[in-house]
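Pasted below: structure-v7.txt, compact mmCIF, C-alpha atoms.
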# COMPACT_ATOMS: atom_id res chain seq x y z
CA MET A 852 -17.28 138.26 -79.41
CA SER A 853 -16.38 134.78 -78.30
CA TRP A 854 -14.02 132.07 -79.38
CA HIS A 855 -13.38 128.41 -78.64
CA LEU A 856 -10.38 126.12 -79.06
CA LEU A 857 -10.66 123.15 -81.39
CA GLY A 858 -9.73 119.68 -80.18
CA SER A 859 -7.21 119.28 -83.00
CA GLY A 860 -4.96 121.96 -81.53
CA VAL A 861 -5.88 124.53 -84.20
CA VAL A 862 -6.63 127.89 -82.63
CA THR A 863 -9.39 129.79 -84.44
CA VAL A 864 -9.97 133.39 -83.41
CA LEU A 865 -13.06 135.38 -84.34
CA SER A 866 -12.53 139.11 -84.35
CA VAL A 867 -15.13 141.16 -86.15
CA ILE A 868 -15.74 144.69 -87.34
CA SER A 869 -16.31 144.04 -91.02
CA VAL A 870 -16.87 140.51 -92.27
CA ALA A 871 -16.28 139.88 -95.99
CA THR A 872 -16.15 137.15 -98.69
CA ALA A 873 -17.03 133.48 -98.33
CA MET A 874 -17.41 130.39 -100.50
CA GLY A 875 -20.71 129.64 -102.24
CA ALA A 876 -23.68 128.29 -100.34
CA THR A 877 -23.52 124.59 -99.55
CA SER A 878 -26.93 124.20 -97.91
CA ALA A 879 -30.27 125.92 -97.82
CA GLY A 880 -30.91 128.34 -94.98
CA ALA A 881 -34.67 127.83 -95.00
CA ALA A 882 -36.25 125.68 -92.30
CA ALA A 883 -36.02 121.99 -93.18
CA ALA A 884 -39.17 120.22 -94.37
CA GLY A 885 -40.76 117.65 -92.08
CA PRO A 886 -40.79 117.56 -88.28
CA ALA A 887 -39.30 120.58 -86.56
CA ALA A 888 -37.00 120.79 -83.57
CA ALA A 889 -38.79 121.44 -80.27
CA TYR A 890 -37.51 123.02 -77.07
CA GLN A 891 -38.52 122.48 -73.45
CA VAL A 892 -37.41 125.45 -71.33
CA GLY A 893 -36.67 124.78 -67.66
CA PRO A 894 -37.09 127.30 -64.85
CA ILE A 895 -35.54 130.71 -65.51
CA THR A 896 -33.25 131.57 -62.59
CA ASP A 897 -31.84 134.90 -61.39
CA VAL A 898 -28.15 133.97 -61.24
CA SER A 899 -26.71 137.30 -60.10
CA ALA A 900 -28.84 137.66 -56.94
CA CYS A 901 -27.02 140.80 -55.80
CA GLY A 902 -27.69 144.51 -55.73
CA GLY A 903 -26.62 146.95 -58.41
CA GLN A 904 -26.37 146.66 -62.17
CA ASN A 905 -25.45 143.26 -63.68
CA ALA A 906 -24.70 142.76 -67.38
CA GLU A 907 -22.39 141.27 -70.05
CA VAL A 908 -22.57 137.59 -69.13
CA GLU A 909 -20.20 134.94 -70.52
CA GLN A 910 -20.60 131.19 -70.01
CA ALA A 911 -18.56 127.96 -69.99
CA VAL A 912 -19.43 124.35 -69.16
CA ASP A 913 -17.64 121.32 -67.76
CA ALA A 914 -19.51 118.59 -69.61
CA LYS A 915 -17.75 115.83 -67.65
CA LEU A 916 -19.24 117.04 -64.37
CA GLY A 917 -22.35 118.74 -65.73
CA TYR A 918 -21.19 122.04 -64.20
CA VAL A 919 -22.01 125.43 -65.73
CA TYR A 920 -20.16 128.69 -65.02
CA GLU A 921 -21.40 132.24 -65.57
CA GLU A 922 -19.15 135.31 -65.35
CA TRP A 923 -20.45 138.86 -65.62
CA MET A 924 -19.99 142.51 -64.71
CA GLY A 925 -21.78 143.07 -61.42
CA CYS A 926 -21.93 142.27 -57.71
CA ARG A 927 -19.73 145.40 -57.23
CA GLY A 928 -17.05 144.13 -59.62
CA ILE A 929 -16.71 140.92 -61.66
CA ALA A 930 -18.56 137.86 -60.40
CA VAL A 931 -18.76 134.14 -61.15
CA ALA A 932 -21.58 131.77 -60.27
CA ARG A 933 -21.72 128.02 -60.81
CA SER A 934 -24.40 125.39 -61.26
CA THR A 935 -23.63 121.77 -60.36
CA ASP A 936 -26.81 120.40 -61.96
CA GLY A 937 -26.60 121.53 -65.57
CA GLY A 938 -27.92 125.04 -65.10
CA ARG A 939 -31.08 124.16 -63.19
CA THR A 940 -30.05 125.71 -59.86
CA TRP A 941 -27.25 128.13 -58.99
CA GLN A 942 -24.95 128.78 -56.04
CA GLU A 943 -24.18 132.22 -54.61
CA PRO A 944 -21.92 134.39 -56.80
CA VAL A 945 -18.20 134.66 -56.01
CA SER A 946 -16.49 138.04 -56.54
CA LEU A 947 -13.16 137.67 -58.34
CA PRO A 948 -10.01 138.77 -56.49
CA GLY A 949 -9.20 142.43 -56.85
CA THR A 950 -12.50 143.45 -58.45
CA VAL A 951 -14.79 144.23 -55.53
CA GLY A 952 -15.92 147.85 -55.66
CA SER A 953 -14.31 148.35 -59.08
CA ASN A 954 -17.34 148.68 -61.35
CA LYS A 955 -15.67 151.42 -63.40
CA ASN A 956 -12.19 149.85 -63.49
CA THR A 957 -13.05 146.26 -64.43
CA TRP A 958 -15.01 145.13 -67.49
CA ASP A 959 -15.36 142.52 -70.28
CA PRO A 960 -15.51 139.12 -68.52
CA ALA A 961 -14.63 135.81 -70.20
CA VAL A 962 -14.52 132.26 -68.82
CA ALA A 963 -13.21 128.85 -69.89
CA VAL A 964 -12.78 125.36 -68.40
CA ALA A 965 -9.62 123.25 -68.83
CA PRO A 966 -9.70 119.48 -69.46
CA ASP A 967 -8.62 118.92 -65.82
CA GLY A 968 -11.53 121.02 -64.53
CA THR A 969 -9.57 124.20 -63.74
CA VAL A 970 -11.77 127.24 -64.30
CA TYR A 971 -10.16 130.35 -65.78
CA ALA A 972 -12.02 133.68 -65.44
CA SER A 973 -10.57 136.76 -67.13
CA PHE A 974 -11.52 140.42 -67.27
CA MET A 975 -10.08 143.78 -68.27
CA LEU A 976 -8.56 146.05 -65.62
CA SER A 977 -7.60 149.72 -65.58
CA ARG A 978 -4.73 150.39 -63.18
CA GLY A 979 -1.67 152.61 -63.12
CA GLY A 980 -2.51 154.27 -66.42
CA GLN A 981 -2.69 150.93 -68.28
CA TYR A 982 -5.50 148.67 -69.55
CA TYR A 983 -4.83 144.93 -69.51
CA PRO A 984 -6.40 141.51 -68.91
CA VAL A 985 -6.25 139.67 -65.60
CA VAL A 986 -6.72 135.89 -65.49
CA ASP A 987 -7.97 134.31 -62.25
CA ALA A 988 -7.91 130.56 -61.75
CA SER A 989 -10.03 128.20 -59.65
CA PHE A 990 -8.72 124.76 -58.75
CA ASP A 991 -11.89 123.65 -56.92
CA HIS A 992 -14.37 123.84 -59.80
CA GLY A 993 -15.34 127.47 -59.33
CA ALA A 994 -15.92 127.46 -55.56
CA SER A 995 -13.01 129.90 -55.06
CA PHE A 996 -10.41 131.69 -57.18
CA THR A 997 -7.00 131.61 -55.51
CA GLN A 998 -4.63 132.52 -58.36
CA SER A 999 -4.59 135.88 -60.13
CA SER A 1000 -2.26 136.78 -63.02
CA PRO A 1001 -2.14 140.24 -64.64
CA LEU A 1002 -1.00 140.44 -68.28
CA ILE A 1003 0.68 143.84 -67.97
CA PRO A 1004 1.64 145.31 -71.38
CA PRO A 1005 4.98 146.95 -72.24
CA ASP A 1006 3.52 150.33 -73.25
CA PRO A 1007 2.92 152.69 -70.29
CA LYS A 1008 -0.24 154.43 -71.59
CA ASN A 1009 -1.75 151.69 -73.70
CA TRP A 1010 -5.36 151.05 -74.62
CA GLY A 1011 -6.92 147.60 -74.17
CA ASP A 1012 -10.35 146.02 -74.43
CA ARG A 1013 -12.42 142.85 -74.86
CA ASP A 1014 -10.44 139.86 -73.70
CA PHE A 1015 -11.52 136.30 -74.51
CA ILE A 1016 -10.10 133.09 -73.13
CA ALA A 1017 -9.93 129.41 -74.14
CA VAL A 1018 -8.04 126.29 -73.07
CA GLY A 1019 -6.53 123.70 -75.41
CA PRO A 1020 -6.68 119.92 -75.05
CA ASP A 1021 -3.14 119.98 -73.60
CA GLY A 1022 -4.11 122.55 -70.96
CA THR A 1023 -2.52 125.56 -72.69
CA VAL A 1024 -4.49 128.72 -71.87
CA TYR A 1025 -4.99 131.31 -74.60
CA VAL A 1026 -6.13 134.92 -74.17
CA THR A 1027 -6.91 137.31 -77.02
CA TRP A 1028 -7.56 141.00 -76.49
CA ASP A 1029 -7.79 144.27 -78.36
CA TYR A 1030 -4.69 146.43 -78.01
CA GLY A 1031 -3.43 149.89 -78.84
CA LEU A 1032 -0.01 151.29 -77.97
CA GLU A 1033 -1.30 154.79 -77.22
CA ARG A 1034 -4.65 155.33 -75.52
CA THR A 1035 -5.00 158.96 -76.65
CA SER A 1036 -5.48 157.78 -80.26
CA ILE A 1037 -8.82 156.16 -79.34
CA THR A 1038 -12.12 158.03 -79.60
CA TYR A 1039 -15.47 156.57 -78.64
CA ILE A 1040 -19.14 156.50 -79.59
CA CYS A 1041 -21.26 155.74 -76.52
CA ALA A 1042 -24.96 154.91 -76.29
CA ALA A 1043 -27.20 155.95 -73.41
CA ASN A 1044 -28.73 152.44 -73.22
CA GLY A 1045 -25.67 150.46 -74.28
CA SER A 1046 -21.89 150.47 -74.17
CA CYS A 1047 -19.26 152.18 -76.32
CA ALA A 1048 -17.95 151.56 -79.84
CA PHE A 1049 -14.86 153.11 -81.42
CA ALA A 1050 -14.72 156.01 -83.85
CA THR A 1051 -10.92 156.21 -84.36
CA GLY A 1052 -7.72 154.68 -83.07
CA ASP A 1053 -4.89 152.25 -83.73
CA LEU A 1054 -6.62 148.96 -82.90
CA ASN A 1055 -5.07 145.50 -82.99
CA VAL A 1056 -5.90 141.94 -81.97
CA VAL A 1057 -3.16 140.30 -79.89
CA MET A 1058 -2.79 136.96 -78.14
CA GLN A 1059 -0.90 135.60 -75.11
CA LYS A 1060 -0.72 132.06 -73.79
CA SER A 1061 0.28 130.14 -70.68
CA THR A 1062 1.57 126.58 -70.47
CA ASP A 1063 1.79 126.43 -66.67
CA GLY A 1064 -1.82 126.81 -65.61
CA GLY A 1065 -2.00 130.57 -65.95
CA LYS A 1066 0.95 131.38 -63.68
CA THR A 1067 3.17 132.92 -66.37
CA TRP A 1068 2.38 134.21 -69.84
CA THR A 1069 4.17 134.74 -73.13
CA THR A 1070 4.66 138.20 -74.55
CA MET A 1071 2.06 139.43 -77.03
CA SER A 1072 1.85 138.02 -80.52
CA ASP A 1073 -0.10 140.14 -83.00
CA VAL A 1074 -2.93 138.32 -84.75
CA SER A 1075 -4.40 141.01 -86.99
CA PRO A 1076 -2.03 142.03 -89.82
CA GLY A 1077 -0.46 145.50 -89.91
CA PHE A 1078 0.45 145.85 -86.23
CA PRO A 1079 0.66 148.38 -84.59
CA ALA A 1080 -2.18 149.97 -86.60
CA SER A 1081 -4.08 147.03 -88.12
CA GLY A 1082 -7.57 148.42 -87.49
CA GLY A 1083 -8.35 145.01 -86.01
CA ASP A 1084 -10.96 145.37 -83.33
CA TYR A 1085 -13.10 142.38 -84.33
CA SER A 1086 -11.88 142.06 -87.94
CA TYR A 1087 -11.22 138.52 -89.15
CA PHE A 1088 -11.33 134.82 -88.61
CA THR A 1089 -7.73 133.70 -88.28
CA SER A 1090 -6.29 130.24 -87.72
CA SER A 1091 -3.01 128.93 -86.32
CA SER A 1092 -1.93 125.30 -86.50
CA ASP A 1093 1.03 125.73 -84.16
CA GLY A 1094 -0.64 126.91 -80.97
CA GLY A 1095 -0.49 130.61 -81.84
CA ALA A 1096 3.21 130.89 -82.72
CA THR A 1097 2.38 132.03 -86.26
CA TRP A 1098 -0.87 132.96 -87.97
CA SER A 1099 -2.36 132.21 -91.37
CA THR A 1100 -3.57 134.81 -93.84
CA PRO A 1101 -6.95 136.05 -92.61
CA VAL A 1102 -10.05 134.59 -94.23
CA ALA A 1103 -12.91 137.07 -94.28
CA VAL A 1104 -16.46 135.79 -94.08
CA GLY A 1105 -19.85 136.93 -95.34
CA SER A 1106 -19.70 139.83 -97.85
CA GLN A 1107 -23.11 138.77 -99.18
CA ALA A 1108 -24.59 139.81 -95.84
CA GLY A 1109 -23.37 143.41 -95.91
CA THR A 1110 -21.25 145.17 -93.30
CA MET A 1111 -21.14 145.89 -89.59
CA SER A 1112 -21.50 149.43 -88.34
CA LEU A 1113 -18.68 150.89 -86.26
CA ALA A 1114 -21.22 152.87 -84.25
CA GLU A 1115 -23.21 149.96 -82.79
CA TRP A 1116 -22.40 148.54 -79.35
CA TRP A 1117 -24.00 145.11 -79.83
CA ILE A 1118 -22.01 143.74 -82.79
CA ASP A 1119 -19.84 141.21 -80.94
CA GLY A 1120 -19.92 138.03 -83.01
CA ASP A 1121 -19.43 134.45 -81.85
CA ILE A 1122 -17.78 131.25 -83.02
CA GLY A 1123 -18.29 127.62 -81.99
CA THR A 1124 -17.39 124.09 -83.04
CA ASP A 1125 -19.46 120.90 -83.09
CA ALA A 1126 -18.48 117.33 -82.21
CA ALA A 1127 -17.10 116.75 -85.73
CA GLY A 1128 -14.94 119.89 -85.74
CA ASN A 1129 -17.19 121.96 -88.02
CA LEU A 1130 -17.06 125.69 -87.26
CA TYR A 1131 -20.03 128.04 -86.92
CA ALA A 1132 -19.92 131.84 -86.80
CA THR A 1133 -22.62 134.39 -86.02
CA TRP A 1134 -22.71 138.18 -86.36
CA ASP A 1135 -25.10 140.93 -87.38
CA THR A 1136 -25.01 143.67 -90.00
CA GLN A 1137 -26.61 147.08 -90.20
CA GLY A 1138 -28.14 148.57 -93.32
CA THR A 1139 -31.09 150.41 -94.83
CA ASN A 1140 -34.43 149.04 -96.02
CA PRO A 1141 -35.93 150.15 -99.36
CA ASP A 1142 -38.17 152.58 -97.48
CA GLY A 1143 -35.14 154.25 -95.90
CA SER A 1144 -35.59 152.76 -92.43
CA ALA A 1145 -32.66 151.13 -90.66
CA ASN A 1146 -32.28 147.36 -90.40
CA ASP A 1147 -30.18 144.99 -88.33
CA ILE A 1148 -29.86 141.36 -89.49
CA GLY A 1149 -28.35 138.41 -87.65
CA TRP A 1150 -26.39 135.83 -89.68
CA LEU A 1151 -24.91 132.33 -89.43
CA SER A 1152 -22.12 130.83 -91.55
CA PHE A 1153 -20.27 127.52 -91.21
CA SER A 1154 -17.02 125.90 -92.30
CA THR A 1155 -16.41 122.19 -92.80
CA ASP A 1156 -12.66 122.52 -93.45
CA ARG A 1157 -11.30 124.13 -90.26
CA GLY A 1158 -12.03 127.67 -91.38
CA ALA A 1159 -10.38 127.64 -94.82
CA ARG A 1160 -13.73 128.27 -96.55
CA TRP A 1161 -17.10 129.43 -95.25
CA SER A 1162 -20.66 128.93 -96.42
CA ALA A 1163 -22.80 131.74 -97.71
CA PRO A 1164 -24.44 133.35 -94.66
CA VAL A 1165 -28.05 132.56 -93.79
CA GLN A 1166 -30.34 134.82 -91.78
CA ALA A 1167 -31.04 133.57 -88.26
CA PRO A 1168 -33.64 135.93 -86.71
CA ALA A 1169 -36.86 136.15 -88.69
CA ASP A 1170 -37.00 139.93 -88.42
CA GLN A 1171 -34.78 142.66 -89.85
CA SER A 1172 -35.76 145.39 -87.41
CA GLY A 1173 -33.24 148.16 -86.79
CA VAL A 1174 -32.63 147.07 -83.19
CA PRO A 1175 -29.93 145.00 -81.45
CA HIS A 1176 -29.61 141.27 -82.18
CA LEU A 1177 -26.98 139.93 -79.75
CA MET A 1178 -25.91 136.77 -81.58
CA GLU A 1179 -24.42 133.62 -80.01
CA VAL A 1180 -23.72 130.11 -81.36
CA THR A 1181 -22.66 126.78 -79.89
CA GLY A 1182 -21.89 123.52 -81.65
CA ALA A 1183 -23.73 120.31 -80.77
CA GLY A 1184 -23.62 116.88 -82.42
CA PRO A 1185 -21.86 116.42 -85.79
CA GLY A 1186 -23.23 118.91 -88.30
CA THR A 1187 -25.55 120.62 -85.80
CA ALA A 1188 -25.48 123.93 -83.91
CA TYR A 1189 -27.76 126.14 -81.83
CA VAL A 1190 -28.07 129.90 -82.28
CA THR A 1191 -29.55 132.40 -79.83
CA TRP A 1192 -30.10 136.13 -79.99
CA LEU A 1193 -31.28 138.70 -77.47
CA SER A 1194 -33.32 141.41 -79.13
CA ASP A 1195 -35.95 144.06 -78.49
CA SER A 1196 -37.50 143.61 -81.93
CA ASN A 1197 -40.81 143.43 -80.06
CA PRO A 1198 -41.75 146.89 -78.68
CA ALA A 1199 -42.40 145.19 -75.33
CA GLY A 1200 -38.62 144.86 -74.82
CA TYR A 1201 -35.77 142.33 -74.84
CA ALA A 1202 -36.49 138.63 -75.35
CA LEU A 1203 -34.18 135.65 -75.97
CA PHE A 1204 -34.71 133.44 -79.02
CA LEU A 1205 -33.32 130.00 -79.91
CA ARG A 1206 -32.98 128.13 -83.20
CA ALA A 1207 -31.30 124.86 -84.26
CA PHE A 1208 -29.32 124.51 -87.50
CA SER A 1209 -28.09 121.54 -89.55
CA ILE A 1210 -25.32 121.77 -92.14
CA THR A 1211 -27.18 119.34 -94.40
CA ARG A 1212 -30.78 120.41 -93.75
CA GLY A 1213 -30.65 124.10 -92.86
CA TRP A 1214 -32.76 125.50 -90.04
CA LEU A 1215 -34.47 122.76 -88.04
CA SER A 1216 -37.10 125.08 -86.58
CA ALA A 1217 -38.48 128.56 -86.70
CA PRO A 1218 -37.14 130.93 -84.01
CA ASP A 1219 -38.46 129.95 -80.59
CA GLN A 1220 -38.87 132.60 -77.88
CA ILE A 1221 -37.57 131.04 -74.68
CA THR A 1222 -38.26 134.01 -72.37
CA THR A 1223 -41.88 134.83 -71.63
CA ASP A 1224 -41.21 138.20 -70.00
CA TYR A 1225 -39.64 141.19 -71.75
CA GLY A 1226 -36.66 143.14 -70.42
CA SER A 1227 -36.68 146.92 -70.57
CA SER A 1228 -35.16 148.35 -73.76
CA ALA A 1229 -33.97 151.35 -71.75
CA VAL A 1230 -31.57 149.27 -69.60
CA TRP A 1231 -28.32 147.88 -71.04
CA PRO A 1232 -28.23 144.03 -70.93
CA GLY A 1233 -24.52 143.75 -71.86
CA ASP A 1234 -22.84 143.19 -75.22
CA THR A 1235 -22.86 139.39 -74.90
CA THR A 1236 -25.01 136.49 -73.72
CA GLY A 1237 -24.07 132.92 -72.81
CA LEU A 1238 -24.79 129.71 -74.74
CA SER A 1239 -23.35 126.20 -74.33
CA THR A 1240 -24.26 122.54 -74.74
CA LEU A 1241 -23.69 119.85 -72.13
CA THR A 1242 -24.91 117.16 -74.56
CA PRO A 1243 -26.15 117.47 -78.16
CA THR A 1244 -29.67 118.14 -76.85
CA ASP A 1245 -28.99 119.69 -73.41
CA ILE A 1246 -28.51 123.47 -73.77
CA VAL A 1247 -27.81 126.20 -71.24
CA ALA A 1248 -28.54 129.83 -72.11
CA SER A 1249 -27.86 132.98 -70.08
CA TRP A 1250 -28.55 136.66 -70.63
CA GLY A 1251 -28.88 140.02 -68.92
CA SER A 1252 -32.20 141.86 -68.70
CA ASP A 1253 -34.15 144.30 -66.57
CA TYR A 1254 -37.47 142.73 -65.68
CA THR A 1255 -38.87 145.77 -63.89
CA ASP A 1256 -41.21 143.81 -61.63
CA VAL A 1257 -38.22 141.74 -60.42
CA SER A 1258 -35.20 144.06 -60.36
CA GLY A 1259 -36.49 147.62 -60.62
CA ASN A 1260 -34.47 149.75 -63.04
CA GLN A 1261 -31.40 147.55 -63.30
CA ALA A 1262 -30.38 144.40 -65.13
CA GLU A 1263 -29.85 141.00 -63.54
CA ILE A 1264 -28.28 137.86 -65.03
CA TYR A 1265 -30.68 135.02 -65.83
CA ALA A 1266 -30.11 131.45 -66.99
CA ALA A 1267 -32.21 128.51 -68.13
CA ASN A 1268 -31.62 124.91 -69.12
CA VAL A 1269 -33.28 123.97 -72.41
CA ALA A 1270 -33.93 120.39 -73.58
CA ALA A 1271 -34.04 120.10 -77.36
CA THR A 1272 -35.79 117.41 -79.40
CA LEU A 1273 -34.22 117.25 -82.85
CA PRO A 1274 -35.94 115.73 -85.89

For the structure just supplied, provide its representation as structure tokens.
Amino acid sequence: MSWHLLGSGVVTVLSVISVATAMGATSAGAAAAGPAAAYQVGPITDVSACGGQNAEVEQAVDAKLGYVYEEWMGCRGIAVARSTDGGRTWQEPVSLPGTVGSNKNTWDPAVAVAPDGTVYASFMLSRGGQYYPVVDASFDHGASFTQSSPLIPPDPKNWGDRDFIAVGPDGTVYVTWDYGLERTSITYICAANGSCAFATGDLNVVMQKSTDGGKTWTTMSDVSPGFPASGGDYSYFTSSSDGGATWSTPVAVGSQAGTMSLAEWWIDGDIGTDAAGNLYATWDTQGTNPDGSANDIGWLSFSTDRGARWSAPVQAPADQSGVPHLMEVTGAGPGTAYVTWLSDSNPAGYALFLRAFSITRGWLSAPDQITTDYGSSAVWPGDTTGLSTLTPTDIVASWGSDYTDVSGNQAEIYAANVAATLP
């Protein structure tokens, strides 16, 4: 799951377990007639460059400088690497303060860049019987992280998971995370080649914010309705026009597409905004084909009115195989977005795919496979991948995979710059 802050000051949070109704379709999902978008993939780089397992990458860009930041689980904790040339080459990873040697006690990275260039890197921490986010800050464009702020909750044996972070145009930092007052109410479903989903528990989506550069934070405000037992671990799209002080009635999106399974580890959705303020959301659903076999379908929906209404969902991947489709989306120029997914729909293993979308024309190309090698399906790549645009046609993608000839039986983090030519 990922979320971004709109330039207007409206905070839009994507949290998804089941995604429901939307407005009628406003554009065709089929590929547009005429010339198709084309993609030129630059060198694929091993960003993590350290021993051990590396997975669950998140990405942010500083378009003013052309810098790209990757944060992931690995390098014996939580690590951040930066590129100063638009994702073409990468510097050595930096381990975040307090995470070295804590592979089991730190998880779920997220990263964002403020308008002044400050880089905020967050993660979940287990300490003293509590689960909570920590937000580290870098004031030298990701070269070092010298400020660390824990968001310690009021409940002594709480449950917490999946933080995400964004920064507003005024520099306000926002963190959302999943929260439960009592950890013993949570039960899990864990996959051998993935991470864990939730079977039961009092789950909620909460938010905290900082107006002083991440030094101090507000108390929690509950986003999902029905706190303290809203069932909201990835449930709704919700908007706030007052910086998160109050929240609108949730708008659910995409009932035509079916439902998400609680048992799958890869169903984190994503949300992005283009240069005109249009919103785009991606997710995947799980169901059954007519022959009784399982399917998994990745979807895209968009909103042209700040999230009040959403288009009918359109299928993004060409296949409906019953395998993971790790969906990501990023906005580009007005009315345009890019979608990626990491999937092992090919028996050879995991590959990353890219596709461009136009609100007025639909898909601008068929899915394009941007990785030539295949990562092992037996090795967990993480629940998320990274996707951003530096310009409307300059894309950076990142993902985790185990290319056995490169890394043995463990995943590394890879990234590539992609130049798009749009029709």

Write out as a VMD selection string which residues come within 9 Å of stretch 1147-1153 of chain A when counting only C-alpha atoms, dropping same-chain ones fewer than 2 positions away.
-> chain A and resid 873 1104 to 1105 1108 1129 to 1139 1145 1155 1158 1160 to 1178 1180 1190 1192 1210

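Excluding A:Thr1244 itself and any same-chain residue fewer than 5 positions from it, the protein and nucleic acid residues within 9 Å of it, counting all atoms listed in the file, are Ala1183, Gly1184, Val1269, Ala1270, Ala1271, Thr1272 and Leu1273 of chain A.
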
Mind pulling up the distance from atom CA of A:Pro1232 to atom CA of A:Asn1055?
->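 Value for the atom CA of A:Asn1055-atom CA of A:Pro1232 distance: 26.2 Å.
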
Choose the residue, out of A:Ser977, A:Thr1027, A:Ser1194, A:Thr1242, that has the smallest atom-to-atom separation from A:Asp913; count only C-alpha atoms.
->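 With only C-alpha atoms as the atom set, the closest residue is A:Thr1242.
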
Skipping near chain neighbours, those fewer than 6 positions away, what residues fall within 7 Å of A:Val964 using all atoms listed in the file, listed as a PyMOL selection string?
-> chain A and resi 911-913+970-971+1018

May I have the residues within 7 Å of A:Glu943 as a PyMOL selection string, using only C-alpha atoms and disregarding those fewer than 2 positions away in the same chain?
-> chain A and resi 932+941+945

Grab the residues selected above and save them as a CSV table (one decimal), in the coordinates of the input with C-alpha atoms.
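Wrote out07.csv, looks like this:
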chain,number,residue,atom,x,y,z
A,932,ALA,CA,-21.6,131.8,-60.3
A,941,TRP,CA,-27.2,128.1,-59.0
A,945,VAL,CA,-18.2,134.7,-56.0

Of the candidates A:Ser1106, A:Thr1023, A:Thr1191, A:Thr950, which shows the shortest atom-to-atom distance to A:Arg927, using all atoms listed in the file?
->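 Checking each candidate against A:Arg927, we get A:Thr950 as the closest.
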
Quick one, how far is atom CA of A:Thr957 from atom CA of A:Arg933?
->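 About the pair atom CA of A:Thr957 and atom CA of A:Arg933: they are 20.5 Å apart.
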
Would you kindly return, as number ranges by chain, each protein, DNA or RNA residue with an atom no farther than 10 Å from any atom of A:Gly949, considering only C-alpha atoms and excluding same-chain residues fewer than 6 positions away?
-> A: 928-929, 957, 976, 985, 987, 999

Would you tabulate, counting only C-alpha atoms, all residues of stretch 1217-1254 of chain A that have an atom at most 6 Å from an atom of stretch 1028-1050 of chain A, showing the closest pair of atoms and their distance in Å to one decimal, sorted by chain then ascending number, as a Markdown table?
| residue | atom | partner | partner_atom | distance |
| --- | --- | --- | --- | --- |
| A:Ala1229 | CA | A:Asn1044 | CA | 5.6 |
| A:Val1230 | CA | A:Asn1044 | CA | 5.6 |
| A:Trp1231 | CA | A:Gly1045 | CA | 4.9 |

For a cut-off of 10 Å around (-29.1, 124.4, -59.7), file coordinates, pick out all residues using all atoms listed in the file and list them as a PyMOL selection string.
-> chain A and resi 894+896+898+918-919+933-942+1267-1268

Restricting the output to C-alpha atoms, write the selected residues as a tab-separated table (two decimals), in the coordinates of the input.
chain	number	residue	atom	x	y	z
A	894	PRO	CA	-37.09	127.30	-64.85
A	896	THR	CA	-33.25	131.57	-62.59
A	898	VAL	CA	-28.15	133.97	-61.24
A	918	TYR	CA	-21.19	122.04	-64.20
A	919	VAL	CA	-22.01	125.43	-65.73
A	933	ARG	CA	-21.72	128.02	-60.81
A	934	SER	CA	-24.40	125.39	-61.26
A	935	THR	CA	-23.63	121.77	-60.36
A	936	ASP	CA	-26.81	120.40	-61.96
A	937	GLY	CA	-26.60	121.53	-65.57
A	938	GLY	CA	-27.92	125.04	-65.10
A	939	ARG	CA	-31.08	124.16	-63.19
A	940	THR	CA	-30.05	125.71	-59.86
A	941	TRP	CA	-27.25	128.13	-58.99
A	942	GLN	CA	-24.95	128.78	-56.04
A	1267	ALA	CA	-32.21	128.51	-68.13
A	1268	ASN	CA	-31.62	124.91	-69.12

Atom-to-atom span, atom CA of A:Asp897 and atom CA of A:Gln1261, Å |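 Going from atom CA of A:Asp897 over to atom CA of A:Gln1261, I get 12.8 Å.
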
Counting only C-alpha atoms, figure out which residue out of A:Ala1188, A:Ser989, A:Thr1240, A:Trp1116 gets nearest to A:Pro948.
->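 Ranking A:Ala1188, A:Ser989, A:Thr1240, A:Trp1116 by distance to A:Pro948, first place goes to A:Ser989.
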